[in-house]
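> Quick one, run.txt (compact mmCIF, C-alpha atoms):
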```
# COMPACT_ATOMS: atom_id res chain seq x y z
CA MET A 237 -173.39 187.86 13.14
CA LEU A 238 -173.45 188.25 16.89
CA SER A 239 -176.53 188.59 19.02
CA THR A 240 -177.34 188.80 22.68
CA SER A 241 -180.36 189.81 24.71
CA VAL A 242 -180.47 192.55 27.28
CA ASN A 243 -183.03 194.03 29.64
CA VAL A 244 -182.90 197.79 29.43
CA ALA A 245 -184.59 200.17 31.86
CA THR A 246 -185.74 203.71 31.13
CA GLY A 247 -183.30 206.41 32.18
CA LYS A 248 -180.36 203.95 32.28
CA THR A 249 -177.47 203.78 29.84
CA TYR A 250 -175.58 200.75 28.66
CA THR A 251 -172.48 199.89 26.69
CA VAL A 252 -172.33 196.89 24.42
CA ALA A 253 -168.76 195.69 24.01
CA GLY A 254 -167.56 193.07 21.54
CA MET A 255 -164.75 191.15 23.22
CA GLY A 256 -162.26 188.62 21.96
CA PRO A 257 -160.43 187.71 18.78
CA ALA A 258 -162.26 188.15 15.48
CA SER A 259 -162.89 184.41 15.37
CA GLY A 260 -164.49 184.21 18.82
CA LEU A 261 -166.06 187.58 19.45
CA ARG A 262 -168.54 187.76 22.34
CA LEU A 263 -170.91 190.57 23.23
CA GLN A 264 -170.85 191.95 26.71
CA ILE A 265 -173.45 194.32 28.18
CA LEU A 266 -172.08 196.88 30.62
CA LYS A 267 -174.22 199.14 32.78
CA ASP A 268 -173.13 202.77 32.53
CA LYS A 269 -173.47 205.40 35.20
CA LEU A 270 -174.67 208.96 34.80
CA ILE A 271 -173.89 210.59 38.12
CA THR A 272 -170.50 211.80 39.29
CA PRO A 273 -169.59 212.83 42.84
CA HIS A 274 -169.28 216.62 43.09
CA GLY A 275 -166.12 217.90 41.41
CA LYS A 276 -164.86 214.39 40.55
CA SER A 277 -164.53 212.14 37.54
CA LEU A 278 -165.51 208.47 37.24
CA VAL A 279 -163.31 205.93 35.48
CA ARG A 280 -163.62 202.23 34.71
CA VAL A 281 -161.26 199.94 32.86
CA ILE A 282 -162.03 197.25 30.27
CA GLN A 283 -159.21 194.80 29.73
CA ALA A 284 -159.47 193.86 26.05
CA SER A 285 -155.89 192.87 25.30
CA LEU A 286 -155.30 189.32 24.16
CA GLN A 287 -151.52 189.75 24.26
CA GLN A 288 -151.34 190.45 27.96
CA HIS A 289 -153.27 188.18 30.29
CA LYS A 290 -153.12 190.43 33.33
CA VAL A 291 -152.98 194.20 33.21
CA THR A 292 -152.63 196.68 36.08
CA VAL A 293 -153.78 200.26 35.44
CA SER A 294 -152.94 203.27 37.60
CA THR A 295 -153.64 207.01 37.48
CA GLY A 296 -150.86 209.07 39.02
CA GLY A 297 -149.84 206.27 41.37
CA ASN A 298 -153.37 205.15 42.35
CA VAL A 299 -154.14 201.67 41.12
CA ILE A 300 -157.61 201.60 39.53
CA ALA A 301 -157.35 198.05 38.11
CA ARG A 302 -155.05 195.37 39.50
CA ASP A 303 -154.18 192.23 37.53
CA LEU A 304 -157.25 192.62 35.38
CA ALA A 305 -157.87 189.53 33.25
CA PHE A 306 -159.02 189.58 29.65
CA ALA A 307 -162.67 190.66 29.20
CA ALA A 308 -162.88 191.81 32.80
CA VAL A 309 -164.34 195.21 33.62
CA THR A 310 -163.79 197.21 36.81
CA PRO A 311 -166.61 199.11 38.47
CA TYR A 312 -166.54 202.89 38.07
CA GLN A 313 -164.07 204.50 40.45
CA THR A 314 -163.93 208.07 41.67
CA VAL A 315 -160.85 209.95 40.53
CA ALA A 316 -159.96 213.54 41.42
CA ALA A 317 -160.35 215.87 38.44
CA GLY A 318 -157.16 216.70 36.58
CA THR A 319 -154.83 215.59 33.84
CA TRP A 320 -153.38 212.24 34.85
CA ASN A 321 -150.54 210.14 33.55
CA VAL A 322 -152.35 206.84 33.11
CA HIS A 323 -150.12 203.80 33.15
CA ALA A 324 -151.06 200.28 32.03
CA ALA A 325 -148.65 197.49 32.85
CA GLY A 326 -148.94 194.00 31.37
CA GLU A 327 -146.58 191.09 31.87
CA SER A 328 -144.37 192.03 28.94
CA SER A 329 -145.75 195.30 27.61
CA ASN A 330 -146.54 198.72 29.07
CA ALA A 331 -148.44 201.77 27.91
CA ALA A 332 -148.63 205.31 29.27
CA GLN A 333 -150.86 208.17 28.23
CA SER A 334 -151.73 211.60 29.54
CA ILE A 335 -155.51 211.73 30.01
CA LYS A 336 -157.61 214.69 31.06
CA LEU A 337 -160.33 213.71 33.51
CA ALA A 338 -162.50 216.79 33.93
CA ALA A 339 -164.92 217.08 36.86
CA GLY A 340 -168.37 215.81 35.89
CA THR A 341 -167.08 213.44 33.20
CA ILE A 342 -167.32 209.64 33.07
CA HIS A 343 -164.69 207.66 31.20
CA THR A 344 -164.00 204.11 30.12
CA LEU A 345 -160.35 203.22 29.52
CA VAL A 346 -160.01 200.27 27.16
CA ILE A 347 -156.77 198.33 27.09
CA LEU A 348 -156.25 197.25 23.47
CA ASP A 349 -153.67 195.45 21.38
CA ASP A 350 -151.54 197.21 18.83
CA PRO A 351 -149.00 195.14 16.91
CA GLY A 352 -146.34 194.32 19.50
CA HIS A 353 -147.68 196.35 22.42
CA ILE A 354 -150.79 197.41 24.32
CA THR A 355 -152.50 200.82 24.12
CA ILE A 356 -154.99 202.76 26.22
CA ASP A 357 -158.14 204.01 24.51
CA ASN A 358 -159.92 206.77 26.38
CA LEU A 359 -163.70 206.83 25.77
CA VAL A 360 -165.98 209.51 27.21
CA ASP A 361 -169.15 207.73 28.41
CA ALA A 362 -170.83 210.94 29.51
CA ALA A 363 -169.99 214.53 30.35
CA GLY A 364 -171.68 217.20 32.43
CA SER A 365 -170.84 220.65 33.73
CA ARG A 366 -167.50 220.92 35.58
CA VAL A 367 -169.17 223.19 38.13
CA LEU A 368 -172.83 222.63 39.04
CA PRO A 369 -174.57 225.99 39.54
CA ALA A 370 -176.69 226.20 42.68
CA GLY A 371 -180.44 226.47 42.21
CA ALA A 372 -182.33 228.07 39.35
CA ALA A 373 -181.54 230.74 36.76
CA ALA A 374 -182.64 234.38 37.25
CA THR A 375 -183.41 235.08 33.61
CA GLY A 376 -186.22 237.62 33.67
CA PHE A 377 -187.23 241.03 34.97
CA GLY A 378 -191.00 240.82 34.47
CA GLY A 379 -191.41 243.43 31.73
CA THR A 380 -193.76 241.15 29.79
CA ALA A 381 -195.46 239.49 32.76
CA PRO A 382 -199.20 240.01 33.21
CA VAL A 383 -199.89 242.67 35.86
CA PRO A 384 -202.92 242.20 38.12
CA GLY A 385 -205.24 245.23 38.31
CA SER A 386 -205.19 247.28 41.55
CA SER A 387 -207.95 246.61 44.09
CA PRO A 388 -211.31 248.32 43.39
CA VAL A 389 -212.32 248.26 47.09
CA PRO A 390 -211.00 251.71 48.16
CA TRP A 391 -212.65 253.33 45.15
CA LEU A 392 -215.94 251.56 45.83
CA LEU A 393 -215.80 252.77 49.45
CA THR A 394 -215.07 256.33 48.29
CA ALA A 395 -218.01 256.27 45.88
CA ALA A 396 -220.33 254.79 48.53
CA ALA A 397 -219.29 257.38 51.13
CA GLY A 398 -219.76 260.09 48.51
CA LEU A 399 -223.27 258.81 47.82
CA LEU A 400 -224.15 258.98 51.53
CA VAL A 401 -222.76 262.50 51.81
CA THR A 402 -224.69 263.52 48.69
CA VAL A 403 -227.92 262.17 50.13
CA ALA A 404 -227.20 263.98 53.41
CA GLY A 405 -226.53 267.18 51.45
CA ILE A 406 -229.83 266.89 49.57
CA ALA A 407 -231.73 266.31 52.78
CA ARG A 408 -230.05 269.32 54.36
CA LEU A 409 -230.82 271.49 51.35
CA ARG A 410 -234.49 270.53 51.52
CA LYS A 411 -234.60 271.34 55.20
CA SER A 412 -233.06 274.76 54.68
CA ARG A 413 -235.53 275.52 51.85
CA ALA A 414 -238.44 274.47 54.05
CA ALA A 415 -237.10 276.74 56.78
CA LEU A 416 -236.85 279.66 54.31
CA ARG A 417 -240.45 279.10 53.12
CA MET A 418 -241.69 279.03 56.72
CA ARG A 419 -240.07 282.44 57.27
CA MET B 287 -217.01 269.44 53.67
CA THR B 288 -214.53 269.78 56.48
CA LYS B 289 -214.96 273.56 56.52
CA SER B 290 -218.73 273.41 56.91
CA ALA B 291 -218.49 270.56 59.38
CA GLY B 292 -216.12 272.72 61.40
CA ARG B 293 -218.52 275.60 61.33
CA HIS B 294 -221.39 273.40 62.44
CA ALA B 295 -219.26 271.95 65.17
CA ALA B 296 -218.28 275.46 66.25
CA ALA B 297 -221.93 276.46 66.18
CA ARG B 298 -223.03 273.48 68.21
CA ARG B 299 -220.33 274.03 70.74
CA GLY B 300 -221.86 277.45 71.17
CA ALA B 301 -218.69 279.35 70.46
CA GLY B 302 -220.55 282.59 69.76
CA PRO B 303 -223.44 284.24 71.58
CA PRO B 304 -226.84 282.56 70.95
CA ARG B 305 -228.17 285.67 69.18
CA GLN B 306 -225.44 285.52 66.60
CA ARG B 307 -225.84 281.79 66.16
CA HIS B 308 -229.55 282.20 65.48
CA ARG B 309 -229.03 284.89 62.91
CA ARG B 310 -226.34 282.94 61.08
CA LEU B 311 -227.94 279.51 61.20
CA ARG B 312 -230.09 279.70 58.09
CA PRO B 313 -227.67 281.03 55.46
CA VAL B 314 -224.81 278.86 56.80
CA SER B 315 -227.07 275.87 56.79
CA ARG B 316 -228.03 276.38 53.15
CA ARG B 317 -224.49 277.03 51.98
CA GLY B 318 -223.34 274.14 54.11
CA ALA B 319 -225.93 271.86 52.57
CA VAL B 320 -224.74 272.81 49.09
CA ALA B 321 -221.12 272.24 50.13
CA VAL B 322 -221.98 268.83 51.58
CA LEU B 323 -223.84 267.97 48.39
CA LEU B 324 -220.91 269.03 46.19
CA CYS B 325 -218.43 267.13 48.36
CA GLY B 326 -220.60 264.03 48.10
CA LEU B 327 -220.82 264.32 44.33
CA LEU B 328 -217.06 264.89 44.14
CA ALA B 329 -216.43 261.74 46.17
CA VAL B 330 -218.79 259.72 43.98
CA GLY B 331 -217.00 261.03 40.88
CA THR B 332 -213.57 260.26 42.34
CA GLY B 333 -214.65 256.74 43.26
CA ALA B 334 -216.07 256.13 39.80
CA CYS B 335 -212.93 257.42 38.06
CA GLY B 336 -210.74 255.35 40.39
CA LEU B 337 -212.76 252.25 39.61
CA ALA B 338 -212.44 252.84 35.90
CA ILE B 339 -208.65 253.32 36.14
CA ALA B 340 -208.23 250.33 38.47
CA SER B 341 -210.08 248.07 36.08
CA ARG B 342 -207.79 249.16 33.26
CA SER B 343 -204.42 249.20 35.12
CA GLY B 344 -203.99 245.42 34.93
CA HIS B 345 -202.90 243.92 31.65
CA ALA B 346 -202.38 240.44 30.33
CA ALA B 347 -199.03 239.11 29.15
CA SER B 348 -197.65 241.24 26.33
CA PRO B 349 -198.96 240.28 22.91
CA VAL B 350 -196.83 237.66 21.26
CA GLY B 351 -196.72 238.98 17.72
CA ARG B 352 -194.67 237.32 15.04
CA PRO B 353 -191.06 236.31 15.53
CA THR B 354 -188.42 237.99 13.41
CA LEU B 355 -187.51 236.08 10.28
CA VAL B 356 -184.09 234.50 10.71
CA PRO B 357 -182.40 232.54 7.92
CA VAL B 358 -181.22 229.01 8.64
CA PRO B 359 -177.45 229.23 9.01
CA ARG B 360 -175.14 227.23 6.78
CA GLY B 361 -171.84 225.69 7.71
CA GLN B 362 -169.84 222.52 7.80
CA ALA B 363 -171.13 220.14 10.45
CA ALA B 364 -168.19 219.15 12.60
CA PRO B 365 -167.94 215.44 13.45
CA VAL B 366 -168.73 214.45 17.00
CA PRO B 367 -165.41 213.90 18.69
CA GLN B 368 -165.61 210.40 20.09
CA PRO B 369 -163.53 209.26 21.83
CA SER B 370 -162.05 211.76 24.10
CA ASP B 371 -161.55 215.41 24.20
CA GLY B 372 -164.52 217.79 24.08
CA GLU B 373 -162.06 220.64 23.82
CA LYS B 374 -161.31 219.62 20.26
CA VAL B 375 -164.70 221.18 19.48
CA ALA B 376 -164.48 224.95 18.92
CA ARG B 377 -166.24 227.35 21.28
CA PRO B 378 -169.81 228.41 20.43
CA ALA B 379 -170.22 231.85 18.86
CA ILE B 380 -173.74 232.38 17.45
CA LEU B 381 -177.08 230.82 18.37
CA THR B 382 -179.86 230.69 15.76
CA ILE B 383 -183.40 229.38 16.35
CA PRO B 384 -185.43 230.16 13.19
CA SER B 385 -188.77 228.90 14.61
CA ILE B 386 -188.80 231.62 17.31
CA GLY B 387 -186.80 234.27 15.48
CA VAL B 388 -183.68 234.11 17.64
CA ARG B 389 -180.27 235.07 16.34
CA SER B 390 -177.80 236.01 19.03
CA ARG B 391 -174.09 235.98 19.59
CA LEU B 392 -173.20 234.03 22.72
CA LEU B 393 -171.74 235.70 25.79
CA LYS B 394 -169.59 233.68 28.20
CA LEU B 395 -171.30 232.80 31.47
CA GLY B 396 -169.81 231.51 34.71
CA VAL B 397 -171.24 231.31 38.20
CA THR B 398 -172.08 234.18 40.57
CA SER B 399 -170.41 234.69 43.94
CA SER B 400 -173.33 232.79 45.50
CA GLY B 401 -172.75 229.84 43.19
CA ALA B 402 -175.79 230.39 40.96
CA LEU B 403 -175.71 230.38 37.17
CA GLN B 404 -174.49 233.75 35.90
CA VAL B 405 -177.02 235.27 33.50
CA PRO B 406 -176.26 237.49 30.49
CA ALA B 407 -175.73 241.16 31.33
CA SER B 408 -177.85 242.03 28.29
CA THR B 409 -181.46 240.84 28.07
CA SER B 410 -181.22 240.73 24.26
CA THR B 411 -178.22 238.38 24.11
CA ALA B 412 -177.94 234.72 25.11
CA GLY B 413 -174.92 233.20 26.83
CA TRP B 414 -173.10 229.87 26.97
CA TYR B 415 -172.19 228.47 30.38
CA THR B 416 -168.42 227.97 30.03
CA PHE B 417 -168.24 225.18 32.65
CA SER B 418 -170.60 223.06 30.52
CA PRO B 419 -169.49 221.00 27.49
CA ARG B 420 -169.14 222.92 24.23
CA PRO B 421 -172.15 222.51 21.89
CA GLY B 422 -171.52 219.40 19.80
CA ALA B 423 -169.18 217.76 22.32
CA ILE B 424 -170.46 214.88 24.48
CA GLY B 425 -172.63 216.13 27.34
CA SER B 426 -175.26 218.78 27.90
CA SER B 427 -174.20 222.23 26.83
CA ILE B 428 -176.01 225.04 28.64
CA ILE B 429 -177.27 228.22 26.98
CA ALA B 430 -179.25 230.76 29.01
CA GLY B 431 -181.12 233.91 28.01
CA HIS B 432 -183.65 236.33 29.46
CA ILE B 433 -187.38 236.08 28.80
CA ASP B 434 -187.71 239.84 29.27
CA SER B 435 -186.22 243.07 30.59
CA ARG B 436 -188.13 245.46 32.89
CA THR B 437 -189.79 246.97 29.85
CA GLY B 438 -190.12 244.38 27.09
CA PRO B 439 -189.27 240.99 25.59
CA GLY B 440 -185.80 239.46 25.92
CA VAL B 441 -183.89 237.12 23.60
CA PHE B 442 -185.69 233.97 24.90
CA TYR B 443 -189.15 235.58 25.09
CA ARG B 444 -190.60 232.93 22.79
CA LEU B 445 -188.65 229.94 24.13
CA ARG B 446 -191.81 228.68 25.87
CA PHE B 447 -193.53 228.40 22.47
CA MET B 448 -190.88 226.06 21.01
CA ALA B 449 -192.21 222.78 19.73
CA GLN B 450 -190.67 219.32 19.73
CA GLY B 451 -188.68 218.75 16.57
CA ALA B 452 -187.71 222.41 16.16
CA ARG B 453 -184.10 223.00 15.10
CA VAL B 454 -181.46 224.91 17.04
CA TYR B 455 -178.23 225.95 15.31
CA VAL B 456 -174.97 226.82 17.02
CA LYS B 457 -172.20 228.29 14.91
CA ARG B 458 -168.77 227.88 16.44
CA THR B 459 -165.72 230.11 16.34
CA ASP B 460 -164.12 227.94 13.63
CA GLY B 461 -167.19 228.41 11.40
CA SER B 462 -168.47 224.87 11.96
CA LEU B 463 -172.12 224.33 12.72
CA ALA B 464 -173.88 222.10 15.25
CA VAL B 465 -177.55 221.33 14.58
CA PHE B 466 -179.82 220.23 17.41
CA ARG B 467 -183.39 218.92 17.45
CA VAL B 468 -185.72 219.80 20.33
CA THR B 469 -186.80 216.66 22.21
CA ALA B 470 -188.66 218.20 25.18
CA LYS B 471 -189.67 221.44 26.86
CA HIS B 472 -190.61 221.71 30.53
CA LEU B 473 -191.59 224.35 33.07
CA TYR B 474 -190.00 223.75 36.49
CA PRO B 475 -190.71 225.67 39.70
CA LYS B 476 -187.41 227.31 40.68
CA ALA B 477 -187.63 225.66 44.08
CA HIS B 478 -187.44 222.28 42.31
CA PHE B 479 -184.85 223.02 39.63
CA PRO B 480 -183.72 219.69 38.04
CA THR B 481 -179.98 220.27 38.56
CA ALA B 482 -178.95 216.69 37.68
CA ASP B 483 -180.99 216.59 34.44
CA VAL B 484 -179.71 219.98 33.32
CA TYR B 485 -176.08 220.07 34.44
CA GLY B 486 -175.34 216.38 35.12
CA PRO B 487 -173.51 214.03 32.76
CA ALA B 488 -175.18 213.06 29.48
CA PRO B 489 -173.90 210.30 27.17
CA THR B 490 -174.49 212.14 23.87
CA PRO B 491 -174.06 215.73 22.62
CA GLN B 492 -177.07 217.66 23.89
CA LEU B 493 -178.22 221.21 24.49
CA ARG B 494 -180.26 222.83 27.27
CA LEU B 495 -181.81 226.24 26.66
CA ILE B 496 -182.83 228.00 29.86
CA THR B 497 -185.02 231.03 30.53
CA CYS B 498 -187.64 232.15 33.05
CA GLY B 499 -191.36 231.50 32.96
CA GLY B 500 -194.50 230.96 34.96
CA THR B 501 -195.75 233.57 37.40
CA PHE B 502 -193.79 236.76 37.99
CA ASP B 503 -193.45 237.77 41.64
CA PRO B 504 -193.27 241.60 41.79
CA ALA B 505 -192.24 241.41 45.47
CA THR B 506 -188.93 239.64 44.67
CA GLY B 507 -188.61 240.83 41.06
CA HIS B 508 -188.23 237.24 39.88
CA TYR B 509 -190.24 234.69 37.93
CA LEU B 510 -191.16 231.62 39.98
CA SER B 511 -190.28 229.03 37.33
CA ASN B 512 -187.72 228.18 34.68
CA VAL B 513 -188.52 227.07 31.14
CA ILE B 514 -186.00 224.50 29.92
CA VAL B 515 -185.77 223.21 26.36
CA PHE B 516 -183.93 219.92 25.84
CA ALA B 517 -182.33 219.26 22.46
CA THR B 518 -180.05 216.62 21.01
CA LEU B 519 -177.39 216.88 18.28
CA ILE B 520 -178.47 215.63 14.86
CA LYS B 521 -175.45 216.76 12.85
```
Output the file's structure in the form of structure tokens.


Amino acid sequence: MLSTSVNVATGKTYTVAGMGPASGLRLQILKDKLITPHGKSLVRVIQASLQQHKVTVSTGGNVIARDLAFAAVTPYQTVAAGTWNVHAAGESSNAAQSIKLAAGTIHTLVILDDPGHITIDNLVDAAGSRVLPAGAAATGFGGTAPVPGSSPVPWLLTAAAGLLVTVAGIARLRKSRAALRMR
Amino acid sequence: MTKSAGRHAAARRGAGPPRQRHRRLRPVSRRGAVAVLLCGLLAVGTGACGLAIASRSGHAASPVGRPTLVPVPRGQAAPVPQPSDGEKVARPAILTIPSIGVRSRLLKLGVTSSGALQVPASTSTAGWYTFSPRPGAIGSSIIAGHIDSRTGPGVFYRLRFMAQGARVYVKRTDGSLAVFRVTAKHLYPKAHFPTADVYGPAPTPQLRLITCGGTFDPATGHYLSNVIVFATLIK
């Protein structure tokens, strides 16, 4: 049984890698990343081959890991999105693989041993949207939204003015009746 | 009222000879008084009616009612494709959320010319954002739907009532089924939309359901907030 201790923080992600031959396996804690630069992919390399002591890994001619020793891990590196021919070169064995690195994805490439040669294992650490939409989503037209009642003020004013006019009318009516009686 | 006022004004201005004015004053005055009285009563009545209508014109949010009964879909759960290619997962076809009565085929959504999330052309159908991971693949898959149309509820009308632990089913074009469990639901002001949390990379297969919520602004014709439900794949 293998054990190790690790401090983990909320909102962070980690990879636990078992490295070495079956007889001497060690656990290694790797900090993962969850943010990619806009329109790019992030890639790191874990050198886990015991056959080859130093491995150099390149994507389409760009070296992303040079002379990486066993159990060494590169930091995440920004790679333009696309399908890349990834090449791993050891001292006596090579491997090549076509790998799709979509924008918004984070990968770990693990160099492993197969009988007689090395291989590249492509792991997706995390994936997001290839295109990040700007701002919020306009997903409503308001047909079920509560509607505030219209203002009662103009109606109140109308009623109050009407009351005044009514009072004036009554007064005038009385006056005219009084005038009639006097005649 | 205006007629009698005019007559009075004309009388005061002394438009006619004084003799005439004197003779006419009494009957006009009485008729005028009645007219003023009627106008006043009319205005009081109008004001009262207006008040009654104004107090009734507002209404609260539409009644919720019961969601439609939707059967839990069946299908083979496809294994999560780790390592590599999310495109080995089939495209999503049908969304089912039994707890809020949603069953909708999924339209394909992109981005608008201004770069915003395209929303479904129909308010009764949800859509999958095609630049996001496919449901069941690693990462957060995005599904958006309307809360309402101009006249009534939309496909995600009840999204805001979803509870933690509720199940969300996505049937894919190959007949396989992805089952998600709701982990959180939040209301975000649109001015502070959490782009990274919604569209950014996630290390496991997850789902984000998006609709509108909060206050509706009649001036712009838009809600001021977004409701977002976060869910994670369970099989």

> Would you pick out the contacts of range 455-461 of chain B at 10 Å or less, using all atoms listed in the file, so that residues sharing its chain but fewer than 2 positions from it are not included, and give the list as a count of residues only?

33

> Work out how far apart CA of Gly413 in chain B and CA of Leu355 in chain B are and give it in Å to one decimal.

21.0 Å

> Could you tell me which residues of chain A sit within 6 Å of chain B when counting all atoms listed in the file, and give me the result as a VMD selection string?

chain A and resid 270 358 to 367 369 to 370 372 to 373 375 to 386 388 391 to 392 394 to 395 398 to 399 401 to 402 405 408 to 409 412

> One number please: CA of Gln313 in chain A to CA of Val244 in chain A, in Å, one decimal.

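So the two atoms, CA of Gln313 in chain A and CA of Val244 in chain A, lie 22.8 Å apart.
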
> Would you compute the box with edges along x, y and z of the file around range 483-495 of chain B, including every atom the file lists for it and 6 Å extra on each side, and give its centre and edge lengths in Å to one decimal, as JSON?


```
{"center_x": -177.7, "center_y": 218.3, "center_z": 28.9, "size_x": 20.3, "size_y": 27.9, "size_z": 24.5}
```

> Considering all atoms listed in the file, return as number ranges by chain whatever protein or nucleic-acid residues lie within 9 Å of range 256-261 of chain A, sequence-local ones (same chain, fewer than 5 positions apart) excluded.

A: 238, 284-286, 306-307

> Expressed in Å to a single decimal, how great is the separation between CA of Ala317 in chain A and CA of Val293 in chain A?

17.2 Å

> Which residue gives the smallest distance to Gly352 in chain A among A:Ile265, A:Ala338, A:Ala331, A:Ala396, with all atoms listed in the file counted?

A:Ala331

> When distances are computed from all atoms listed in the file, which of A:Val322, A:Glu327, A:Thr344, A:Gln283 shows the smallest separation from Ala308 in chain A?

A:Gln283

> Could I see range 321-341 of chain A restored to N, CA and C atoms, set down as a JSON list (two decimals), in the coordinates of the input?


```json
[["chain", "number", "residue", "atom", "x", "y", "z"],
["A", 321, "ASN", "N", -151.35, 211.05, 34.34],
["A", 321, "ASN", "CA", -150.54, 210.14, 33.55],
["A", 321, "ASN", "C", -151.04, 208.74, 33.86],
["A", 322, "VAL", "N", -151.77, 208.16, 32.89],
["A", 322, "VAL", "CA", -152.35, 206.84, 33.11],
["A", 322, "VAL", "C", -151.37, 205.78, 32.60],
["A", 323, "HIS", "N", -151.12, 204.82, 33.45],
["A", 323, "HIS", "CA", -150.12, 203.80, 33.15],
["A", 323, "HIS", "C", -150.77, 202.43, 33.15],
["A", 324, "ALA", "N", -150.55, 201.65, 32.09],
["A", 324, "ALA", "CA", -151.06, 200.28, 32.03],
["A", 324, "ALA", "C", -149.87, 199.34, 31.91],
["A", 325, "ALA", "N", -149.79, 198.40, 32.84],
["A", 325, "ALA", "CA", -148.65, 197.49, 32.85],
["A", 325, "ALA", "C", -149.11, 196.05, 32.68],
["A", 326, "GLY", "N", -148.68, 195.42, 31.57],
["A", 326, "GLY", "CA", -148.94, 194.00, 31.37],
["A", 326, "GLY", "C", -147.72, 193.21, 31.80],
["A", 327, "GLU", "N", -147.72, 191.90, 31.47],
["A", 327, "GLU", "CA", -146.58, 191.09, 31.87],
["A", 327, "GLU", "C", -145.34, 191.42, 31.05],
["A", 328, "SER", "N", -145.55, 191.77, 29.77],
["A", 328, "SER", "CA", -144.37, 192.03, 28.94],
["A", 328, "SER", "C", -144.50, 193.32, 28.12],
["A", 329, "SER", "N", -145.57, 194.08, 28.38],
["A", 329, "SER", "CA", -145.75, 195.30, 27.61],
["A", 329, "SER", "C", -146.42, 196.37, 28.48],
["A", 330, "ASN", "N", -145.98, 197.61, 28.30],
["A", 330, "ASN", "CA", -146.54, 198.72, 29.07],
["A", 330, "ASN", "C", -147.09, 199.78, 28.12],
["A", 331, "ALA", "N", -147.98, 200.61, 28.67],
["A", 331, "ALA", "CA", -148.44, 201.77, 27.91],
["A", 331, "ALA", "C", -148.65, 202.92, 28.88],
["A", 332, "ALA", "N", -148.40, 204.13, 28.42],
["A", 332, "ALA", "CA", -148.63, 205.31, 29.27],
["A", 332, "ALA", "C", -149.26, 206.38, 28.40],
["A", 333, "GLN", "N", -150.17, 207.12, 28.99],
["A", 333, "GLN", "CA", -150.86, 208.17, 28.23],
["A", 333, "GLN", "C", -151.34, 209.26, 29.18],
["A", 334, "SER", "N", -151.22, 210.50, 28.74],
["A", 334, "SER", "CA", -151.73, 211.60, 29.54],
["A", 334, "SER", "C", -153.21, 211.78, 29.22],
["A", 335, "ILE", "N", -154.06, 211.67, 30.23],
["A", 335, "ILE", "CA", -155.51, 211.73, 30.01],
["A", 335, "ILE", "C", -156.13, 212.78, 30.90],
["A", 336, "LYS", "N", -156.93, 213.65, 30.29],
["A", 336, "LYS", "CA", -157.61, 214.69, 31.06],
["A", 336, "LYS", "C", -158.93, 214.14, 31.59],
["A", 337, "LEU", "N", -159.08, 214.14, 32.89],
["A", 337, "LEU", "CA", -160.33, 213.71, 33.51],
["A", 337, "LEU", "C", -160.97, 214.94, 34.15],
["A", 338, "ALA", "N", -161.87, 215.57, 33.41],
["A", 338, "ALA", "CA", -162.50, 216.79, 33.93],
["A", 338, "ALA", "C", -163.58, 216.41, 34.94],
["A", 339, "ALA", "N", -163.84, 217.31, 35.90],
["A", 339, "ALA", "CA", -164.92, 217.08, 36.86],
["A", 339, "ALA", "C", -166.23, 216.92, 36.09],
["A", 340, "GLY", "N", -167.07, 216.00, 36.54],
["A", 340, "GLY", "CA", -168.37, 215.81, 35.89],
["A", 340, "GLY", "C", -168.31, 214.93, 34.65],
["A", 341, "THR", "N", -167.16, 214.32, 34.37],
["A", 341, "THR", "CA", -167.08, 213.44, 33.20],
["A", 341, "THR", "C", -166.92, 211.98, 33.64]]
```
